[in-house]
Amino acid sequence: MDAHFAVRARGITKGFGDVVALDGVDLEVTHGQIHGLVGPNGAGKTTLLGLLLGLAVADSGRLEILGTPLGRALTAPESVAGFVDGPGLYPALTARQNLASLAALRGLDLRSAGIDDALEQVGLTDVADDRVRGFSLGMRQRLGLAAALLTAPRLLVLDEPSNGLDPAGKRHVHGVLDRLAADGCAVVLSSHRMDDVEALCSEVTVLATGRVVFSGPLDKLAAESRQLDYRLLTSDPRAARRTAADVEGVEVVEDAAVRAGGALVVRAPVPALDALVSRLVHGGVAVRELVPVVSPLESAFLALTDQREARR
């Protein structure tokens, strides 16, 4: 297989009894790429992440990790790290002791394991000697990421890495993932948060009922949703309401706020929206805010997964 890919899957299937978790899934992730895996609950995301980590084997199909075909044994591929369903940690041990124990289990030299550096990268230096049982969910997520960093992975697989993170924690995690990708590490992460996917990922794969309904660049996915709802705030809400009603392709979805001097919500494809803004500006109405009510990525995701569910 092409060495350009850190992950390459073809026709992967996986079932559990009568339940088909993955049905002919294809996936390609290049080195240095942060690839998002999104989909509704039960779409097969966790199952696919488990295959990448060697926690399960596919029933059929072909899967290669870092150029090596995965066999039928439940073994973690070399240079691959991460977690599914949250990191496995020892609550009675401190953060530092957890990393030391994990390093020892992996046969790493504790003197060169980079424990302090890993803790610093995820922003846990100040609590390095606190017991993990007192950690919040977000702190446990960050410690799980620190554990993954100990092996200097070439492929990092993460399940909901932003779960429970406060803004500071999110900044640390995003910074770590961006640096890893810049150094050539491939990252595959699942998330229900579209803002995290938009901030981190260059490409995304959308799963619905075990099948891939989209895979490719984020801008291409956003283009799947051609008509969005936008919140429009202007210097003259009533004039904006009249102008919007006169522009072809623009629908005023909600104008109750206009009576209170606030924003209105319009639904339009981008060309019609451009025409509306141009008309407003030429009419002397200042546009103070124009933002999607739902992000283009989330809108496309909902449309794709809803279509898939409707066809079942």
# chains A, B, ... in the order shown; residues from 1 in each chain; ligands from 1
>>> select_by_dssp(residues="range 60-146 of chain A", states="strand (DSSP E or B)", output="ChimeraX atom specification")
/A:60-65,68-69,80-83,94,131
>>> write_last_selection(atoms="C-alpha atoms", output="CSV table (one decimal), in the first residue's frame")
chain,number,residue,atom,x,y,z
A,60,SER,CA,-13.7,-8.8,6.5
A,61,GLY,CA,-11.9,-6.2,4.4
A,62,ARG,CA,-8.3,-4.9,4.4
A,63,LEU,CA,-6.8,-2.6,7.0
A,64,GLU,CA,-3.2,-1.3,7.0
A,65,ILE,CA,-1.7,0.9,9.7
A,68,THR,CA,1.6,-2.8,7.9
A,69,PRO,CA,-1.4,-5.1,7.2
A,80,VAL,CA,0.1,3.7,17.6
A,81,ALA,CA,-1.4,5.1,20.7
A,82,GLY,CA,-4.7,6.5,22.0
A,83,PHE,CA,-7.8,5.6,23.9
A,94,THR,CA,-0.9,10.4,41.1
A,131,ARG,CA,-4.1,11.5,42.9
>>> closest_residue(among="A:Gly88, A:Gly114, A:Pro161, A:Gly175", to="Leu189 in chain A", atoms="only C-alpha atoms")
A:Pro161
>>> residues_around(residues="Thr243 in chain A", least_positions_apart="4", cutoff="9 Å", atoms="only C-alpha atoms", output="number ranges by chain")
A: 238-239, 247, 276, 279-280, 283
>>> closest_atom_pairs(of="range 32-111 of chain A", to="range 297-306 of chain A", cutoff="10 Å", atoms="only C-alpha atoms", output="Markdown table")
| residue | atom | partner | partner_atom | distance |
| --- | --- | --- | --- | --- |
| A:Val38 | CA | A:Phe301 | CA | 8.3 |
| A:Gly39 | CA | A:Thr305 | CA | 7.2 |
| A:Pro40 | CA | A:Thr305 | CA | 7.4 |
| A:Ala43 | CA | A:Thr305 | CA | 9.4 |
>>> closest_residue(among="A:Ala103, A:Val173, A:Leu89, A:Val25", to="Asp196 in chain A", atoms="only C-alpha atoms")
A:Val173
>>> closest_residue(among="A:Cys201, A:Val266, A:Val157, A:Leu66", to="His35 in chain A", atoms="only C-alpha atoms")
A:Cys201
>>> residues_around(residues="Arg211 in chain A", least_positions_apart="6", cutoff="9 Å", atoms="only C-alpha atoms", output="PyMOL selection string")
chain A and resi 21-26+43-44
>>> residues_around(residues="Val206 in chain A", least_positions_apart="3", cutoff="7 Å", atoms="only C-alpha atoms", output="list in words")
Leu37, Val38, Gly39, Val212, Val213, Phe214 and Ser215 of chain A
>>> write_last_selection(atoms="C-alpha atoms", output="mmCIF file, in the first residue's frame")
data_model
loop_
_atom_site.group_PDB
_atom_site.id
_atom_site.type_symbol
_atom_site.label_atom_id
_atom_site.label_comp_id
_atom_site.auth_asym_id
_atom_site.auth_seq_id
_atom_site.Cartn_x
_atom_site.Cartn_y
_atom_site.Cartn_z
ATOM 1 C CA LEU A 37 -14.672 10.833 12.609
ATOM 2 C CA VAL A 38 -18.239 11.948 13.254
ATOM 3 C CA GLY A 39 -21.671 10.393 13.269
ATOM 4 C CA VAL A 212 -19.538 6.058 5.224
ATOM 5 C CA VAL A 213 -21.874 8.761 3.934
ATOM 6 C CA PHE A 214 -19.105 11.294 3.321
ATOM 7 C CA SER A 215 -15.312 11.395 3.443
#
>>> atom_distance(atom1="CA of Leu273 in chain A", atom2="CA of Lys220 in chain A")
19.3 Å
>>> residues_around(residues="Val277 in chain A", least_positions_apart="5", cutoff="10 Å", atoms="only C-alpha atoms", output="PyMOL selection string")
chain A and resi 232+240+243-244+272+282-283+285-287+290
>>> decode(residues="range 173-184 of chain A", atoms="N, CA and C atoms", output="PDB file, in the first residue's frame")
ATOM      1  N   VAL A 173      -5.004  20.862  24.644  1.00  0.00           N
ATOM      2  CA  VAL A 173      -5.176  19.676  23.806  1.00  0.00           C
ATOM      3  C   VAL A 173      -5.062  20.029  22.330  1.00  0.00           C
ATOM      4  N   HIS A 174      -5.720  21.092  21.916  1.00  0.00           N
ATOM      5  CA  HIS A 174      -5.628  21.494  20.515  1.00  0.00           C
ATOM      6  C   HIS A 174      -4.191  21.814  20.129  1.00  0.00           C
ATOM      7  N   GLY A 175      -3.477  22.487  21.028  1.00  0.00           N
ATOM      8  CA  GLY A 175      -2.076  22.816  20.737  1.00  0.00           C
ATOM      9  C   GLY A 175      -1.222  21.575  20.564  1.00  0.00           C
ATOM     10  N   VAL A 176      -1.430  20.576  21.437  1.00  0.00           N
ATOM     11  CA  VAL A 176      -0.679  19.327  21.332  1.00  0.00           C
ATOM     12  C   VAL A 176      -0.965  18.640  20.002  1.00  0.00           C
ATOM     13  N   LEU A 177      -2.235  18.534  19.630  1.00  0.00           N
ATOM     14  CA  LEU A 177      -2.596  17.835  18.403  1.00  0.00           C
ATOM     15  C   LEU A 177      -2.074  18.563  17.166  1.00  0.00           C
ATOM     16  N   ASP A 178      -2.131  19.875  17.187  1.00  0.00           N
ATOM     17  CA  ASP A 178      -1.595  20.644  16.054  1.00  0.00           C
ATOM     18  C   ASP A 178      -0.094  20.432  15.906  1.00  0.00           C
ATOM     19  N   ARG A 179       0.624  20.402  17.031  1.00  0.00           N
ATOM     20  CA  ARG A 179       2.080  20.202  16.970  1.00  0.00           C
ATOM     21  C   ARG A 179       2.417  18.796  16.490  1.00  0.00           C
ATOM     22  N   LEU A 180       1.674  17.805  16.966  1.00  0.00           N
ATOM     23  CA  LEU A 180       1.913  16.437  16.523  1.00  0.00           C
ATOM     24  C   LEU A 180       1.726  16.313  15.014  1.00  0.00           C
ATOM     25  N   ALA A 181       0.640  16.895  14.512  1.00  0.00           N
ATOM     26  CA  ALA A 181       0.380  16.825  13.073  1.00  0.00           C
ATOM     27  C   ALA A 181       1.474  17.545  12.291  1.00  0.00           C
ATOM     28  N   ALA A 182       1.924  18.677  12.806  1.00  0.00           N
ATOM     29  CA  ALA A 182       2.989  19.419  12.126  1.00  0.00           C
ATOM     30  C   ALA A 182       4.278  18.610  12.065  1.00  0.00           C
ATOM     31  N   ASP A 183       4.481  17.724  13.028  1.00  0.00           N
ATOM     32  CA  ASP A 183       5.668  16.862  13.045  1.00  0.00           C
ATOM     33  C   ASP A 183       5.475  15.569  12.259  1.00  0.00           C
ATOM     34  N   GLY A 184       4.314  15.411  11.623  1.00  0.00           N
ATOM     35  CA  GLY A 184       4.085  14.244  10.766  1.00  0.00           C
ATOM     36  C   GLY A 184       3.233  13.148  11.346  1.00  0.00           C
TER      37      GLY A 184
END
